[in-house]
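*Asks:* Input file: start_12.txt. Contents: compact mmCIF, C-alpha atoms and all ligand atoms.
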```txt
# COMPACT_ATOMS: atom_id res chain seq x y z
CA MET F 1 26.84 2.93 25.76
CA ILE F 2 24.25 1.15 27.88
CA ILE F 3 20.89 2.70 28.74
CA LEU F 4 18.35 1.06 31.01
CA ILE F 5 14.84 2.48 31.22
CA GLU F 6 13.04 0.97 34.20
CA GLY F 7 9.30 0.52 34.65
CA VAL F 8 8.12 2.49 31.64
CA GLU F 9 4.68 2.15 30.04
CA ILE F 10 5.22 1.19 26.42
CA TYR F 11 3.39 1.98 23.21
CA SER F 12 5.23 0.04 20.53
CA PRO F 13 2.95 1.65 18.95
CA GLU F 14 0.54 -0.99 20.35
CA TYR F 15 0.08 -0.81 24.11
CA LYS F 16 2.45 -3.26 25.82
CA GLY F 17 2.10 -2.37 29.50
CA ILE F 18 4.87 -1.55 31.98
CA LYS F 19 8.25 -2.99 31.05
CA ASN F 20 12.01 -2.46 31.22
CA ILE F 21 13.99 -1.47 28.13
CA LEU F 22 17.69 -2.22 27.70
CA ILE F 23 19.62 -0.37 25.01
CA LEU F 24 23.06 -1.60 23.99
CA ASP F 25 24.98 0.70 21.67
CA ASP F 26 22.56 1.71 18.89
CA LYS F 27 20.02 -1.13 19.24
CA ILE F 28 17.18 -2.10 21.55
CA ALA F 29 18.58 -5.25 23.16
CA TYR F 30 15.67 -6.24 25.38
CA ILE F 31 12.12 -5.26 26.27
CA GLY F 32 10.43 -7.24 28.99
CA GLU F 33 9.32 -7.59 32.58
CA GLU F 34 12.56 -9.13 33.81
CA LYS F 35 14.48 -6.86 36.21
CA ILE F 36 17.85 -6.08 34.71
CA LYS F 37 20.95 -5.78 36.88
CA ILE F 38 23.96 -4.28 35.19
CA ASP F 39 27.22 -5.54 36.60
CA LEU F 40 29.79 -4.48 34.06
CA PRO F 41 32.91 -2.28 34.31
CA VAL F 42 31.37 0.26 31.91
CA SER F 43 29.09 3.20 32.57
CA ALA F 44 25.39 2.61 32.26
CA LYS F 45 22.68 5.22 32.31
CA VAL F 46 19.56 4.30 34.28
CA ILE F 47 16.33 6.21 33.65
CA ASP F 48 13.34 5.95 35.98
CA GLY F 49 10.40 5.46 33.63
CA SER F 50 7.65 5.35 36.24
CA LYS F 51 6.12 8.68 35.21
CA LEU F 52 6.73 8.23 31.48
CA TYR F 53 5.44 6.59 28.33
CA ALA F 54 7.91 5.22 25.79
CA PHE F 55 7.09 5.70 22.10
CA PRO F 56 9.15 4.77 19.03
CA GLY F 57 11.22 7.74 17.74
CA PHE F 58 9.15 9.85 15.37
CA ILE F 59 9.64 9.74 11.60
CA ASP F 60 9.12 12.91 9.58
CA GLY F 61 8.92 11.92 5.92
CA HIS F 62 8.83 15.35 4.30
CA VAL F 63 11.19 18.11 5.48
CA HIS F 64 12.97 20.82 3.51
CA ILE F 65 16.21 20.24 5.42
CA THR F 66 18.22 22.59 3.19
CA GLY F 67 15.48 25.23 3.36
CA GLY F 68 12.51 25.80 1.11
CA GLY F 69 10.36 28.59 -0.16
CA GLY F 70 11.51 31.42 -2.35
CA GLU F 71 8.06 32.02 -3.82
CA GLY F 72 8.21 35.64 -2.65
CA GLY F 73 11.64 36.25 -4.19
CA PHE F 74 15.17 35.40 -3.11
CA SER F 75 14.75 37.05 0.30
CA THR F 76 12.01 34.51 1.11
CA ARG F 77 14.27 31.47 0.74
CA THR F 78 14.14 29.78 4.14
CA PRO F 79 17.30 28.68 6.00
CA GLU F 80 18.62 25.16 6.61
CA ILE F 81 17.26 23.17 9.53
CA MET F 82 19.21 22.84 12.78
CA LEU F 83 19.57 19.63 14.75
CA SER F 84 17.86 21.13 17.82
CA ASP F 85 14.65 21.79 15.82
CA ILE F 86 14.50 18.10 14.95
CA ILE F 87 15.27 16.78 18.43
CA GLU F 88 12.83 19.11 20.19
CA GLY F 89 10.12 17.59 18.03
CA GLY F 90 11.01 14.05 19.09
CA VAL F 91 12.01 13.24 15.52
CA THR F 92 14.79 10.69 15.14
CA THR F 93 14.37 9.87 11.44
CA ILE F 94 13.93 12.49 8.77
CA VAL F 95 13.48 12.43 4.99
CA GLY F 96 14.82 15.53 3.25
CA CYS F 97 13.32 16.97 0.09
CA LEU F 98 13.78 19.88 -2.25
CA GLY F 99 10.68 21.83 -3.27
CA THR F 100 9.57 24.49 -5.72
CA ASP F 101 13.15 25.60 -6.29
CA GLY F 102 15.23 22.89 -7.92
CA ILE F 103 17.72 25.40 -9.36
CA THR F 104 19.37 27.13 -6.39
CA ARG F 105 18.71 24.07 -4.17
CA SER F 106 20.66 21.11 -5.44
CA MET F 107 20.61 17.37 -4.86
CA GLU F 108 24.29 17.55 -3.88
CA ASN F 109 23.46 20.07 -1.17
CA LEU F 110 20.50 17.96 0.03
CA TYR F 111 22.67 14.86 0.23
CA ALA F 112 25.42 16.74 2.12
CA LYS F 113 22.92 18.17 4.63
CA ALA F 114 21.45 14.70 5.21
CA LYS F 115 24.95 13.31 5.81
CA GLY F 116 25.66 16.18 8.21
CA LEU F 117 22.53 15.55 10.27
CA GLU F 118 23.43 11.87 10.39
CA GLU F 119 26.86 12.76 11.76
CA GLU F 120 25.08 14.81 14.42
CA GLY F 121 23.04 11.76 15.47
CA VAL F 122 19.70 11.41 13.66
CA SER F 123 18.84 8.96 10.87
CA THR F 124 18.38 10.65 7.52
CA TYR F 125 17.16 9.83 4.02
CA ILE F 126 16.35 11.90 0.94
CA TYR F 127 14.13 11.94 -2.12
CA THR F 128 15.69 12.53 -5.50
CA GLY F 129 14.20 15.39 -7.51
CA SER F 130 12.14 18.47 -6.74
CA TYR F 131 8.71 19.76 -7.87
CA ARG F 132 9.76 19.39 -11.47
CA VAL F 133 9.46 16.65 -14.10
CA PRO F 134 11.82 15.68 -15.74
CA VAL F 135 13.54 15.19 -12.40
CA SER F 136 17.02 16.56 -11.60
CA THR F 137 18.91 13.63 -10.13
CA LEU F 138 22.39 12.91 -8.75
CA THR F 139 23.41 10.22 -11.24
CA GLY F 140 21.29 11.27 -14.23
CA SER F 141 18.57 8.68 -13.65
CA VAL F 142 15.86 8.21 -11.03
CA MET F 143 16.31 4.45 -11.07
CA LYS F 144 20.06 4.71 -10.65
CA ASP F 145 19.70 7.20 -7.76
CA VAL F 146 17.28 4.87 -5.94
CA MET F 147 19.45 1.80 -6.54
CA MET F 148 22.94 3.22 -6.06
CA ILE F 149 22.65 5.94 -3.43
CA ASP F 150 21.89 4.58 0.03
CA LYS F 151 20.15 7.72 1.26
CA VAL F 152 17.69 7.90 -1.64
CA VAL F 153 14.40 6.17 -0.71
CA GLY F 154 12.26 7.52 -3.52
CA VAL F 155 11.47 10.51 -5.68
CA GLY F 156 9.78 13.77 -4.79
CA GLU F 157 8.20 15.97 -3.91
CA ILE F 158 6.69 16.01 -7.41
CA ALA F 159 4.13 18.82 -7.67
CA LEU F 160 0.71 18.05 -9.15
CA SER F 161 -2.58 19.97 -9.25
CA ASP F 162 -0.70 23.17 -8.51
CA HIS F 163 0.09 26.36 -10.43
CA ARG F 164 3.74 25.82 -9.46
CA SER F 165 3.79 22.31 -10.94
CA SER F 166 5.83 21.66 -14.12
CA GLN F 167 2.54 20.24 -15.47
CA PRO F 168 3.89 16.82 -16.46
CA ASN F 169 1.66 14.74 -18.70
CA LEU F 170 0.33 11.40 -17.61
CA GLU F 171 2.88 9.42 -19.65
CA GLU F 172 5.81 11.30 -18.07
CA LEU F 173 4.43 10.62 -14.63
CA LYS F 174 3.88 6.93 -15.40
CA ARG F 175 7.49 6.53 -16.55
CA LEU F 176 8.84 8.36 -13.52
CA THR F 177 6.80 6.21 -11.14
CA ALA F 178 7.81 3.03 -12.94
CA ASP F 179 11.50 3.96 -12.68
CA ALA F 180 11.19 4.65 -8.95
CA ARG F 181 9.26 1.43 -8.43
CA VAL F 182 11.65 -0.85 -10.33
CA GLY F 183 14.68 0.84 -8.75
CA GLY F 184 13.07 0.17 -5.38
CA ILE F 185 12.31 -3.47 -6.17
CA LEU F 186 15.88 -4.13 -7.32
CA SER F 187 17.44 -2.53 -4.23
CA GLN F 188 14.86 -3.59 -1.60
CA LYS F 189 13.89 0.02 -1.02
CA ALA F 190 10.58 1.84 -1.09
CA GLY F 191 11.02 3.69 -4.39
CA ILE F 192 8.11 5.73 -3.13
CA VAL F 193 6.83 8.70 -5.14
CA ASN F 194 6.14 11.61 -2.78
CA ILE F 195 3.53 13.85 -4.38
CA HIS F 196 2.93 17.50 -3.49
CA LEU F 197 -0.73 18.33 -4.07
CA GLY F 198 -1.78 21.92 -4.64
CA ASP F 199 -5.23 23.50 -4.56
CA GLY F 200 -5.93 22.64 -8.22
CA LYS F 201 -9.20 20.99 -9.21
CA ARG F 202 -7.48 17.86 -10.59
CA MET F 203 -6.66 16.89 -7.00
CA LEU F 204 -5.63 13.18 -6.89
CA ASN F 205 -7.02 12.36 -10.34
CA TYR F 206 -3.62 11.80 -12.01
CA LEU F 207 -2.69 9.16 -9.48
CA ILE F 208 -6.03 7.39 -9.81
CA ASP F 209 -5.62 7.43 -13.63
CA ILE F 210 -2.21 5.78 -13.37
CA VAL F 211 -3.52 3.12 -11.02
CA ASN F 212 -6.45 2.44 -13.40
CA THR F 213 -4.39 2.28 -16.61
CA THR F 214 -1.16 0.54 -15.51
CA GLU F 215 -0.06 -2.30 -13.24
CA ILE F 216 1.47 0.16 -10.77
CA PRO F 217 -0.14 -0.29 -7.33
CA ILE F 218 -1.70 2.67 -5.56
CA THR F 219 0.78 2.18 -2.70
CA GLN F 220 3.64 3.43 -4.91
CA PHE F 221 2.47 6.97 -4.17
CA TRP F 222 2.60 8.96 -0.97
CA PRO F 223 0.58 12.11 -1.62
CA THR F 224 0.98 14.95 0.88
CA HIS F 225 -0.86 18.17 1.86
CA VAL F 226 -4.14 16.18 1.56
CA ASN F 227 -5.63 18.32 4.37
CA ARG F 228 -5.03 21.60 2.54
CA ASN F 229 -8.67 22.13 1.50
CA PRO F 230 -12.00 20.40 2.17
CA TYR F 231 -12.42 19.05 -1.39
CA LEU F 232 -9.03 17.42 -1.52
CA PHE F 233 -9.51 16.07 2.00
CA LYS F 234 -12.82 14.50 0.97
CA GLN F 235 -11.29 12.88 -2.11
CA GLY F 236 -8.32 11.82 0.04
CA ILE F 237 -10.64 9.76 2.24
CA GLU F 238 -11.98 7.95 -0.85
CA TYR F 239 -8.44 7.49 -2.15
CA ALA F 240 -7.41 5.91 1.17
CA LYS F 241 -10.41 3.58 1.00
CA MET F 242 -9.09 2.48 -2.42
CA GLY F 243 -5.93 1.42 -0.55
CA GLY F 244 -3.77 4.53 -1.01
CA PHE F 245 -1.70 6.29 1.64
CA ILE F 246 -2.69 9.84 2.59
CA ASP F 247 -0.44 12.30 4.34
CA PHE F 248 -1.51 15.38 6.29
CA THR F 249 0.77 18.38 6.73
CA THR F 250 1.18 19.64 10.29
CA SER F 251 3.14 22.84 9.66
CA SER F 252 0.74 25.69 9.55
CA ASP F 253 0.04 28.51 11.90
CA PRO F 254 -3.30 27.93 13.65
CA VAL F 255 -3.71 31.68 14.13
CA PHE F 256 -3.63 32.13 10.39
CA TRP F 257 -5.56 29.07 9.20
CA GLU F 258 -5.90 29.02 5.47
CA GLU F 259 -9.52 28.97 4.41
CA GLY F 260 -10.88 25.44 4.64
CA GLU F 261 -7.66 23.77 5.74
CA VAL F 262 -8.31 20.75 7.95
CA LYS F 263 -6.15 20.70 11.08
CA ALA F 264 -4.03 17.53 10.98
CA SER F 265 -5.23 16.27 14.39
CA LYS F 266 -8.86 16.66 13.29
CA ALA F 267 -8.03 14.99 9.96
CA ILE F 268 -6.90 11.85 11.81
CA LYS F 269 -10.07 11.80 13.89
CA ILE F 270 -12.37 12.27 10.88
CA CYS F 271 -10.56 9.60 8.85
CA LEU F 272 -10.92 7.05 11.66
CA GLU F 273 -14.61 7.91 12.05
CA GLU F 274 -15.08 7.49 8.28
CA GLY F 275 -13.60 4.01 8.45
CA VAL F 276 -10.24 4.70 6.82
CA ASP F 277 -7.69 1.97 7.60
CA GLU F 278 -5.47 3.42 10.37
CA GLU F 279 -2.38 2.04 8.59
CA LYS F 280 -3.01 4.36 5.62
CA ILE F 281 -2.80 7.65 7.54
CA THR F 282 0.43 9.57 8.08
CA LEU F 283 1.56 13.02 9.16
CA THR F 284 4.63 14.96 8.00
CA SER F 285 5.68 18.45 9.07
CA ASP F 286 6.75 20.08 5.76
CA GLY F 287 9.31 21.58 8.14
CA GLN F 288 11.49 24.48 7.03
CA GLY F 289 9.07 25.26 4.19
CA SER F 290 7.84 28.84 3.93
CA LEU F 291 4.53 29.79 5.54
CA PRO F 292 3.04 33.09 4.47
CA GLN F 293 1.29 34.80 7.39
CA PHE F 294 -1.61 37.21 7.06
CA ASN F 295 -3.28 39.55 9.54
CA GLU F 296 -7.01 39.66 10.39
CA LYS F 297 -7.61 41.80 7.31
CA GLY F 298 -5.98 39.16 5.16
CA GLU F 299 -2.93 41.32 4.44
CA PHE F 300 0.46 39.67 4.08
CA VAL F 301 2.48 40.30 7.24
CA LYS F 302 5.55 38.10 7.07
CA LEU F 303 6.86 34.75 6.10
CA GLY F 304 6.96 32.09 8.79
CA ILE F 305 8.93 28.87 8.67
CA GLY F 306 7.39 25.41 9.03
CA LYS F 307 8.49 23.61 12.17
CA VAL F 308 9.28 19.95 12.66
CA THR F 309 7.94 20.35 16.22
CA SER F 310 4.44 20.69 14.71
CA LEU F 311 4.50 16.96 13.87
CA TYR F 312 4.14 15.65 17.40
CA LYS F 313 2.09 18.68 18.46
CA GLU F 314 -0.71 17.52 16.14
CA VAL F 315 -0.47 13.95 17.44
CA ARG F 316 -0.70 15.27 20.99
CA ASP F 317 -3.72 17.41 20.05
CA ALA F 318 -5.34 14.37 18.42
CA VAL F 319 -5.06 12.50 21.74
CA LEU F 320 -5.78 15.31 24.21
CA GLU F 321 -8.38 17.30 22.26
CA ASP F 322 -9.90 14.85 19.81
CA ASN F 323 -9.81 11.69 21.94
CA VAL F 324 -7.91 9.62 19.39
CA PRO F 325 -6.35 6.61 21.20
CA ILE F 326 -2.59 7.10 21.76
CA GLU F 327 -1.56 4.07 19.74
CA LYS F 328 -3.60 5.07 16.69
CA ALA F 329 -2.30 8.64 16.82
CA ILE F 330 1.41 7.79 17.18
CA LYS F 331 1.16 5.15 14.44
CA CYS F 332 0.80 8.06 11.98
CA ILE F 333 4.35 9.23 12.76
CA THR F 334 6.06 5.91 13.61
CA GLN F 335 5.02 2.53 12.22
CA ASN F 336 3.07 3.80 9.20
CA PRO F 337 5.82 5.97 7.66
CA ALA F 338 8.40 3.27 8.47
CA LYS F 339 6.39 0.78 6.43
CA ILE F 340 5.82 3.19 3.54
CA LEU F 341 9.53 4.04 3.41
CA LYS F 342 10.51 0.38 4.00
CA LEU F 343 12.71 1.35 6.96
CA ARG F 344 12.77 -2.07 8.55
CA ASN F 345 14.63 -1.07 11.73
CA LYS F 346 12.44 1.93 12.44
CA GLY F 347 8.96 2.83 13.66
CA ARG F 348 8.50 0.22 16.41
CA LEU F 349 9.82 -0.54 19.88
CA GLU F 350 11.08 -4.08 19.59
CA ALA F 351 14.26 -5.90 20.54
CA GLY F 352 16.72 -5.91 17.66
CA LEU F 353 15.52 -2.66 16.11
CA ASP F 354 17.29 0.73 16.17
CA ALA F 355 17.29 2.41 19.58
CA ASP F 356 15.16 5.43 18.59
CA LEU F 357 12.81 6.38 21.44
CA VAL F 358 10.79 9.26 22.73
CA LEU F 359 9.85 9.38 26.42
CA VAL F 360 6.87 11.58 27.26
CA GLU F 361 5.23 12.62 30.52
CA LYS F 362 2.09 10.59 31.18
CA GLU F 363 -0.28 13.44 32.08
CA SER F 364 0.75 16.20 29.72
CA LEU F 365 2.21 14.03 26.94
CA GLU F 366 5.08 16.53 26.79
CA ILE F 367 8.38 15.23 25.50
CA ASP F 368 10.81 14.53 28.33
CA ALA F 369 13.63 12.64 26.60
CA VAL F 370 14.75 11.69 23.09
CA ILE F 371 17.13 8.85 22.28
CA ALA F 372 18.41 8.50 18.71
CA MET F 373 20.47 5.47 17.66
CA GLY F 374 21.16 4.74 21.33
CA LYS F 375 22.37 8.25 22.17
CA ILE F 376 20.56 10.56 24.56
CA MET F 377 19.78 13.73 22.59
CA MET F 378 17.38 15.30 25.10
CA GLU F 379 16.84 14.56 28.77
CA GLN F 380 14.43 16.07 31.31
CA LYS F 381 13.27 18.48 28.61
CA LYS F 382 16.79 19.81 28.05
CA LEU F 383 18.84 19.26 24.90
CA VAL F 384 21.88 17.16 25.69
CA LYS F 385 23.28 17.17 22.20
CA ARG F 386 23.30 20.28 20.10
CA GLY F 387 24.27 20.58 16.49
CA THR F 388 27.81 21.53 15.51
CA PHE F 389 27.05 25.23 15.11
CA GLU F 390 24.37 25.80 17.76
ZN ZN E 401 4.85 20.57 -0.86
```
Rewrite the structure from the file as structure tokens, please.
Ligand code: ZN
*Replies:*
Amino acid sequence: MIILIEGVEIYSPEYKGIKNILILDDKIAYIGEEKIKIDLPVSAKVIDGSKLYAFPGFIDGHVHITGGGGEGGFSTRTPEIMLSDIIEGGVTTIVGCLGTDGITRSMENLYAKAKGLEEEGVSTYIYTGSYRVPVSTLTGSVMKDVMMIDKVVGVGEIALSDHRSSQPNLEELKRLTADARVGGILSQKAGIVNIHLGDGKRMLNYLIDIVNTTEIPITQFWPTHVNRNPYLFKQGIEYAKMGGFIDFTTSSDPVFWEEGEVKASKAIKICLEEGVDEEKITLTSDGQGSLPQFNEKGEFVKLGIGKVTSLYKEVRDAVLEDNVPIEKAIKCITQNPAKILKLRNKGRLEAGLDADLVLVEKESLEIDAVIAMGKIMMEQKKLVKRGTFE
């Protein structure tokens, strides 16, 4: 398959000006000003990029791909994700995780779902474990899972500072992190520890304790939901200034904002104003997780489901409403997560890397086309490729 995108304005995520992009099979073969003439006896797709921006395909590092929830009983377990939900959000790389429920949701099921989505065209990875410590793994050991199973890039989401946490002690958490780290070093993977933070008053303190009392670097952790309340958000800014990564969750219903939650687009803006290093900020959707919805009186109405499409929506809001420069905003869902997850072929538009691209309309920043591993998944706002059962 050959795709040629002509005269498109590129954010790699840095601004690169107007260029032509040639995609051969699943890789970006060329990006440059040279006019490309295809004279081969094979079909080539030519896209006019004059009204479009090209961004790297988005990376969503925290999605409950097999479904999440269940906190309101078995009927509140959310369903598996569909390919179309991922593609409509411009996401071309996804990391699947379990959540509160590590009993009826298994690692085997998570792995199988990730393999299925990969067959359908997107790049997928998983974390080993769930909220709970000790961690349920595939091989019986965190280190072995990270080293021996290609899809496993780390461990998580481990719940801390939350009433649903298994309340691990500091020593247990140190050992777990060390195992993920060493497994990662030995296999050239991230071995990242994805941390779910609740509303508890201990906030990020456990992680700071580990960094202060061991040789483990602060970058071994990727704490998420940091925008869930103003206190955690404030400590998150300090934590990022210490060199840590902070992740903001985009999946929440703006009509039913939880008290004090900081909207992800605003969180980016505030962090940049506060002098946080732009490479430390990421967004993930928490897609397919359960979202309790309440009416104006604060009464429970129904359970919503987190959407992967919220990821880019917040980036778009950051640009259009909060005046965050495009390249800084899209970094949070492209280059930054790629670096954290050590996905060397992802997160940038560069010759030689995987052909994962999102084309958006210049004025509205609405997604026009999505290309994943060199295949057109969405074109002129219409899904080209649907999942097996859609
Ligand atoms: Zn979580």
*Asks:* Under the rule that only C-alpha atoms are counted, which of F:Lys307, F:Val319, F:Lys144, F:Lys263 is the nearest residue to Leu186 of chain F?
*Replies:*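 Smallest separation from Leu186 of chain F among the options: F:Lys144.
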*Asks:* Assuming 4 Å of padding per side, give the centre and edge lengths of the axis-aligned box around every listed atom of segment 174-181 of chain F, in Å to one decimal and as JSON.
*Replies:*
```
{"center_x": 7.7, "center_y": 4.9, "center_z": -12.5, "size_x": 15.6, "size_y": 14.9, "size_z": 16.1}
```
*Asks:* Within 7 Å of ligand ZN 401 (chain E), which residues show up when you count only C-alpha atoms and all ligand atoms? List them as a PyMOL selection string, please.
*Replies:* chain F and resi 99+157+196-197+225+286
*Asks:* Could you give me, as a list in words, the residues that have an atom at most 12 Å away from the point (24.5, -3.2, 28.7) in the coordinates of the file, using all atoms listed in the file?
*Replies:*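 Protein and nucleic acid residues near the point are Met1, Ile2, Ile3, Leu4, Ile5, Ile21, Leu22, Ile23, Leu24, Asp25, Asp26, Lys27, Ile28, Ala29, Tyr30, Ile36, Lys37, Ile38, Asp39, Leu40, Pro41, Val42, Ser43, Ala44, Lys45, Val46 and Gly374 of chain F.
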*Asks:* Pick from F:Ile158, F:Ile185, F:Leu283, F:Ile330: nearest to Tyr131 of chain F, with all atoms listed in the file counted?
*Replies:* F:Ile158
*Asks:* Suppose you want the space between atom CA of Ser251 of chain F and atom CA of Ser310 of chain F; what is it in Å?
*Replies:* 5.6 Å
*Asks:* Could you tell me how far atom CA of Leu138 of chain F lies from atom CA of Leu341 of chain F, in Å and to one decimal?
*Replies:*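 Distance reported for this atom pair: 19.8 Å.
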*Asks:* Which residues, written as a VMD selection string, have at least one atom at most 12 Å from Tyr206 of chain F, with only C-alpha atoms counted and residues fewer than 5 positions away on the same chain left out?
*Replies:* chain F and resid 159 to 161 167 to 174 177 195 197 200 to 201 211 to 213 218 221 223 239
*Asks:* May I ask which of the residues F:Ile246, F:Val324, F:Ile281, F:Leu176 is the closest one to Ser141 of chain F, counting all atoms listed in the file?
*Replies:*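 Of F:Ile246, F:Val324, F:Ile281, F:Leu176, the one nearest Ser141 of chain F is F:Leu176, counting all atoms listed in the file.
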*Asks:* Using all atoms listed in the file, which protein or nucleic acid residues come within 12 Å of Ala178 of chain F? Drop anything in the same chain fewer than 2 positions from it, and give the result as a PyMOL selection string.
*Replies:* chain F and resi 142-143+146+154-155+171-176+180-185+191-193+210-211+214-217+220-221
*Asks:* To one decimal place in Å, what is the distance between atom CA of Lys151 of chain F and atom CA of Met377 of chain F?
*Replies:* 22.2 Å
*Asks:* Could you tell me which of F:Ser285, F:Ile371, F:Glu350, F:Tyr127 comes closest to Lys16 of chain F if we count all atoms listed in the file?
*Replies:* F:Glu350
*Asks:* I need every residue sitting at most 7 Å from the point (8.5, 11.5, 1.1) (coordinates as in the file, all atoms listed in the file considered), written as a ChimeraX atom specification.
*Replies:* /F:61-62,95,127,156-157,194,222
*Asks:* Do you know which residues are at most 9 Å from Thr309 of chain F counting all atoms listed in the file, after dropping those on the same chain fewer than 6 positions away, and could you put them as a PyMOL selection string?
*Replies:* chain F and resi 85-91+251+285+287
*Asks:* Determine the nearest neighbour of Lys362 of chain F from the options F:Glu9, F:Glu379, F:Glu279, F:Glu273, counting all atoms listed in the file.
*Replies:*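 Nearest to Lys362 of chain F: F:Glu9.
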*Asks:* Looking at F:Glu390, F:Asp101, F:Asp60, F:Asp247, which one is nearest to Thr78 of chain F, with distances taken over only C-alpha atoms?
*Replies:*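 Comparing F:Glu390, F:Asp101, F:Asp60, F:Asp247 against Thr78 of chain F, the winner is F:Asp101.
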